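Heads up, the thing below is written out as structure tokens.
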Amino acid sequence: MIAALNRSLSNEERSRINAVINGDGRVEEIVARHGQDTVQRGSMQTLKKKKWLKDEIINYFHTTCLPKRDEKLCAKQLGRKRSHFFNSFFVQTMFDEKNVNLKLRGEYNYNNVKRWGRRVPGKDIFGLKYIACPINLNNLHWASAVIFMEEKYIQYYDSMGGTDMKKLKGLLQYLKDEHRVKRGEELDTTEWRLVPCTRDTPRQKNDYDCGVFTCMISDFILKDCPLVFSQTHIDKCRDRIALSILTNCAIE
């Protein structure tokens with residue numbers, strides 16, 4: 001994976017990225033589209049060095065680019081289960097973070113997301129391999145949680161080293177609620193683990209690259225790769241995300 005990350009872009013790829021990120025055009029111009037999801041030029045410009053990524057970039061990468069490559073990966077690997085990549089509104093909605101009632105804001109609410117499971121491949125979250133959940137923390141920081149369905153654990157990833165255990169517990173409760181509603185029985189959680197952010201999680205060395213780290217963590221995990229990238233790779237990671245968006249598929 002690092003070899004792929006370190007590869008030099010072709011002149012054509014470099015020109016394509018440069019035309020969108022540095023070229024002329026209205027910031028509201030749509031430069032990528034898949035179904036109803038779009039990315040505007042202004043959002044792509046946040047992929048320049050030292051820019052904080054907009055949620056449009058992170059969500060499109062997760063809901064369009066990664067699923068497309070996952071589909072191809074599963075077609076090549078017989079028996080491999082599909083994965084699913086929620087957008088950042090999933091966790092935000094699950095925890096009612098826009099509720100005007102301050103007593104309810106930030107509290108787990110299954111009813112808010114009980115229909116989201118219908119959008120996953122096979123419409124059954126218990127038939128998946130990975131479930132990635134990007135997390136927007138008060139519009140100040142990006143982190144993520146990944147549910148490892150086959151290994152039965154949920155891990156938090158934060159390039160600043162933090163852990164929101166409330167989010168991990170909420171995601172486990174979501175699995176329990178989904179299992180009860182969809183399968184008609186309680187999920188045995190005795191074998192499930194909640195894993196806080198570990199010391200080997202790649203760390204950012206500034207206050208603006210968190211979104212790039214969040215995208216790359218999902219990117220690496222999808223390909224079953226250890227998280228061996230670091231801050232030194234981030235500029236190339238920005239190019240990787242940009243090219244993935246322009247081709248509507250996470251690049252190899």
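Naming scheme: A, B, ... for chains in displayed order of the structure tokens; residues 1 onward per chain; ligands 1 onward as shown.
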
Next item on the list: Give the alpha helix (DSSP H) residues of stretch 2-174 of chain A, as assigned by DSSP on the backbone, as an MDAnalysis selection string.
Entry: chainID A and resid 2:6 11:21 41:44 55:60 66:76 89:94 165:174

Store the residues picked out above in a file with C-alpha atoms, as a PDB file, in the first residue's frame.
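Wrote again_13.pdb, looks like this:
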ATOM      1  CA  ILE A   2       2.859   2.396   0.814  1.00  0.00           C
ATOM      2  CA  ALA A   3       4.405   1.625  -2.575  1.00  0.00           C
ATOM      3  CA  ALA A   4       1.144   2.663  -4.236  1.00  0.00           C
ATOM      4  CA  LEU A   5       1.012   5.770  -2.082  1.00  0.00           C
ATOM      5  CA  ASN A   6       4.552   6.747  -3.013  1.00  0.00           C
ATOM      6  CA  ASN A  11       1.444  13.880 -16.224  1.00  0.00           C
ATOM      7  CA  GLU A  12      -2.182  13.308 -17.186  1.00  0.00           C
ATOM      8  CA  GLU A  13      -3.207  12.623 -13.584  1.00  0.00           C
ATOM      9  CA  ARG A  14      -1.284  15.638 -12.320  1.00  0.00           C
ATOM     10  CA  SER A  15      -2.854  17.896 -14.944  1.00  0.00           C
ATOM     11  CA  ARG A  16      -6.332  16.635 -14.136  1.00  0.00           C
ATOM     12  CA  ILE A  17      -5.923  17.344 -10.425  1.00  0.00           C
ATOM     13  CA  ASN A  18      -4.309  20.723 -11.021  1.00  0.00           C
ATOM     14  CA  ALA A  19      -7.086  21.840 -13.372  1.00  0.00           C
ATOM     15  CA  VAL A  20      -9.701  21.279 -10.679  1.00  0.00           C
ATOM     16  CA  ILE A  21      -7.817  22.440  -7.602  1.00  0.00           C
ATOM     17  CA  ARG A  41     -14.739  23.019  -7.078  1.00  0.00           C
ATOM     18  CA  GLY A  42     -14.551  24.998  -3.853  1.00  0.00           C
ATOM     19  CA  SER A  43     -14.531  21.785  -1.824  1.00  0.00           C
ATOM     20  CA  MET A  44     -11.851  20.260  -4.045  1.00  0.00           C
ATOM     21  CA  ASP A  55     -17.164  17.448   4.813  1.00  0.00           C
ATOM     22  CA  GLU A  56     -18.168  17.195   1.142  1.00  0.00           C
ATOM     23  CA  ILE A  57     -14.733  15.733   0.379  1.00  0.00           C
ATOM     24  CA  ILE A  58     -14.726  13.276   3.272  1.00  0.00           C
ATOM     25  CA  ASN A  59     -18.285  12.136   2.650  1.00  0.00           C
ATOM     26  CA  TYR A  60     -17.874  11.681  -1.103  1.00  0.00           C
ATOM     27  CA  LEU A  66     -14.383   3.541  -1.265  1.00  0.00           C
ATOM     28  CA  PRO A  67     -17.571   1.535  -1.984  1.00  0.00           C
ATOM     29  CA  LYS A  68     -16.709   1.378  -5.685  1.00  0.00           C
ATOM     30  CA  ARG A  69     -13.282  -0.065  -4.986  1.00  0.00           C
ATOM     31  CA  ASP A  70     -14.770  -2.392  -2.370  1.00  0.00           C
ATOM     32  CA  GLU A  71     -17.142  -3.730  -5.008  1.00  0.00           C
ATOM     33  CA  LYS A  72     -14.203  -4.448  -7.315  1.00  0.00           C
ATOM     34  CA  LEU A  73     -12.197  -6.018  -4.477  1.00  0.00           C
ATOM     35  CA  CYS A  74     -15.030  -8.387  -3.583  1.00  0.00           C
ATOM     36  CA  ALA A  75     -15.444  -9.368  -7.230  1.00  0.00           C
ATOM     37  CA  LYS A  76     -11.779 -10.410  -7.299  1.00  0.00           C
ATOM     38  CA  PHE A  89     -24.117  12.534   9.221  1.00  0.00           C
ATOM     39  CA  PHE A  90     -24.699   8.970  10.433  1.00  0.00           C
ATOM     40  CA  VAL A  91     -22.975   9.394  13.800  1.00  0.00           C
ATOM     41  CA  GLN A  92     -24.151  12.993  14.033  1.00  0.00           C
ATOM     42  CA  THR A  93     -27.750  11.880  13.542  1.00  0.00           C
ATOM     43  CA  MET A  94     -27.374   8.876  15.830  1.00  0.00           C
ATOM     44  CA  MET A 165     -15.970   6.173  24.394  1.00  0.00           C
ATOM     45  CA  LYS A 166     -19.534   7.444  24.267  1.00  0.00           C
ATOM     46  CA  LYS A 167     -19.432   7.103  20.490  1.00  0.00           C
ATOM     47  CA  LEU A 168     -18.048   3.560  20.706  1.00  0.00           C
ATOM     48  CA  LYS A 169     -20.716   2.537  23.199  1.00  0.00           C
ATOM     49  CA  GLY A 170     -23.365   4.120  21.007  1.00  0.00           C
ATOM     50  CA  LEU A 171     -22.201   2.166  17.957  1.00  0.00           C
ATOM     51  CA  LEU A 172     -22.337  -1.072  19.926  1.00  0.00           C
ATOM     52  CA  GLN A 173     -25.839  -0.178  21.068  1.00  0.00           C
ATOM     53  CA  TYR A 174     -26.730   0.448  17.425  1.00  0.00           C
TER      54      TYR A 174
END

Note to self: Using DSSP assignments from the backbone, pull out every residue in stretch 34-190 of chain A that falls under strand (DSSP E) and give it to me as a count of residues only.
What the structure shows: 28

Could you make a table, as a Markdown table, of the residues of stretch 44-69 of chain A that have an atom within 8 Å of an atom of stretch 205-221 of chain A, each with its nearest atom pair and distance in Å to one decimal, counting only C-alpha atoms, in chain and number order?
| residue | atom | partner | partner_atom | distance |
| --- | --- | --- | --- | --- |
| A:Lys50 | CA | A:Tyr208 | CA | 6.3 |
| A:Lys51 | CA | A:Tyr208 | CA | 6.0 |
| A:Trp52 | CA | A:Tyr208 | CA | 4.7 |
| A:Leu53 | CA | A:Gly211 | CA | 5.6 |
| A:Ile58 | CA | A:Cys215 | CA | 6.5 |
| A:Phe61 | CA | A:Cys215 | CA | 7.2 |
| A:His62 | CA | A:Cys215 | CA | 7.4 |
| A:Leu66 | CA | A:Asp219 | CA | 7.0 |

Next item on the list: Find the distance between atom CA of A:Ser8 and atom CA of A:Val27 and write it in Å to one decimal.
Entry: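 Straight-line distance from atom CA of A:Ser8 to atom CA of A:Val27 works out to 27.8 Å.
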
Next item on the list: Do a neighbour search on A:Lys152 at 7 Å with only C-alpha atoms, toss out local chain neighbours closer than 4 positions, and write the hits as a PyMOL selection string.
Entry: chain A and resi 148+191-193

Write out the residues from the selection above, keeping C-alpha atoms, as a PDB file, in the first residue's frame.
ATOM      1  CA  PHE A 148     -14.941  -4.964  12.455  1.00  0.00           C
ATOM      2  CA  GLU A 191     -17.472 -11.401  22.625  1.00  0.00           C
ATOM      3  CA  TRP A 192     -17.473  -7.784  21.420  1.00  0.00           C
ATOM      4  CA  ARG A 193     -14.719  -5.345  22.379  1.00  0.00           C
TER       5      ARG A 193
END

Check: Counting only C-alpha atoms, what is within 9 Å of A:Tyr156, bar same-chain residues fewer than 2 positions away, as a PyMOL selection string?
Finding: chain A and resi 143-146+154+158+162-165+167-168+194-198

Same residues, N, CA, C and O atoms, saved as a compact mmCIF listing (two decimals), in the first residue's frame:
# COMPACT_ATOMS: atom_id res chain seq x y z
N ALA A 143 -12.40 12.52 13.21
CA ALA A 143 -11.93 11.23 13.71
C ALA A 143 -12.81 10.18 13.04
O ALA A 143 -13.58 10.48 12.12
N SER A 144 -12.70 8.94 13.47
CA SER A 144 -13.56 7.90 12.90
C SER A 144 -13.63 6.71 13.84
O SER A 144 -12.81 6.55 14.75
N ALA A 145 -14.61 5.88 13.57
CA ALA A 145 -14.73 4.59 14.25
C ALA A 145 -14.99 3.55 13.17
O ALA A 145 -15.70 3.81 12.20
N VAL A 146 -14.39 2.39 13.33
CA VAL A 146 -14.59 1.30 12.38
C VAL A 146 -15.10 0.09 13.13
O VAL A 146 -14.55 -0.31 14.17
N ILE A 154 -15.03 -2.80 17.87
CA ILE A 154 -15.21 -1.46 17.33
C ILE A 154 -14.04 -0.62 17.80
O ILE A 154 -13.79 -0.52 19.00
N ASP A 158 -8.15 8.36 15.86
CA ASP A 158 -8.05 9.81 15.98
C ASP A 158 -6.58 10.19 15.81
O ASP A 158 -5.72 9.74 16.58
N GLY A 162 -7.05 10.99 20.65
CA GLY A 162 -8.18 10.96 21.57
C GLY A 162 -9.12 9.78 21.33
O GLY A 162 -9.01 9.06 20.33
N THR A 163 -10.04 9.58 22.26
CA THR A 163 -11.07 8.55 22.13
C THR A 163 -12.37 9.06 22.73
O THR A 163 -12.37 9.59 23.85
N ASP A 164 -13.45 8.91 21.99
CA ASP A 164 -14.78 9.25 22.50
C ASP A 164 -15.50 7.93 22.79
O ASP A 164 -16.12 7.33 21.91
N MET A 165 -15.38 7.46 24.03
CA MET A 165 -15.97 6.17 24.39
C MET A 165 -17.49 6.19 24.26
O MET A 165 -18.11 5.16 24.00
N LYS A 167 -19.14 7.45 21.87
CA LYS A 167 -19.43 7.10 20.49
C LYS A 167 -19.28 5.59 20.28
O LYS A 167 -20.10 4.96 19.61
N LEU A 168 -18.24 5.01 20.85
CA LEU A 168 -18.05 3.56 20.71
C LEU A 168 -19.19 2.79 21.34
O LEU A 168 -19.72 1.83 20.77
N LEU A 194 -14.62 -2.96 22.73
CA LEU A 194 -14.52 -1.56 22.34
C LEU A 194 -13.06 -1.15 22.52
O LEU A 194 -12.52 -1.22 23.62
N VAL A 195 -12.43 -0.73 21.42
CA VAL A 195 -10.99 -0.46 21.44
C VAL A 195 -10.74 1.04 21.29
O VAL A 195 -11.08 1.63 20.25
N PRO A 196 -10.17 1.67 22.28
CA PRO A 196 -9.84 3.10 22.16
C PRO A 196 -8.72 3.32 21.16
O PRO A 196 -8.08 2.36 20.70
N CYS A 197 -8.49 4.56 20.81
CA CYS A 197 -7.41 4.88 19.88
C CYS A 197 -6.08 4.36 20.42
O CYS A 197 -5.72 4.60 21.56
N THR A 198 -5.38 3.60 19.58
CA THR A 198 -4.14 2.97 20.01
C THR A 198 -2.93 3.85 19.68
O THR A 198 -3.00 4.76 18.86

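Comparing the minimum interatomic distances between A:Asn248 and each of A:Ser230, A:Thr38, A:Asn22, A:Thr64, counting only C-alpha atoms, we find that A:Thr64 sits nearest.
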
Margin query: Counting only C-alpha atoms, which residue out of A:Asn99, A:Asn111, A:Gln36, A:Thr46 sits closest to A:Asp239?
Written below: A:Thr46

Checklist line | Selected residue, from A:Lys48, A:Lys176, A:Glu28, A:Gln204, that lies nearest to A:Arg240 when counting only C-alpha atoms | finding: A:Lys48

Check: Which polymer residues have any atom within 9 Å of an atom of A:Leu128, counting only C-alpha atoms, with same-chain residues fewer than 3 positions away left out, as a PyMOL selection string?
Finding: chain A and resi 81-84+120-122+124-125+131+148-150

Margin query: Need to verify the contact set: A:Arg33, 9 Å, only C-alpha atoms, exclusion of same-chain residues closer than 6 positions in sequence. Can you return it as a ChimeraX atom specification?
Written below: /A:39,245-246,248
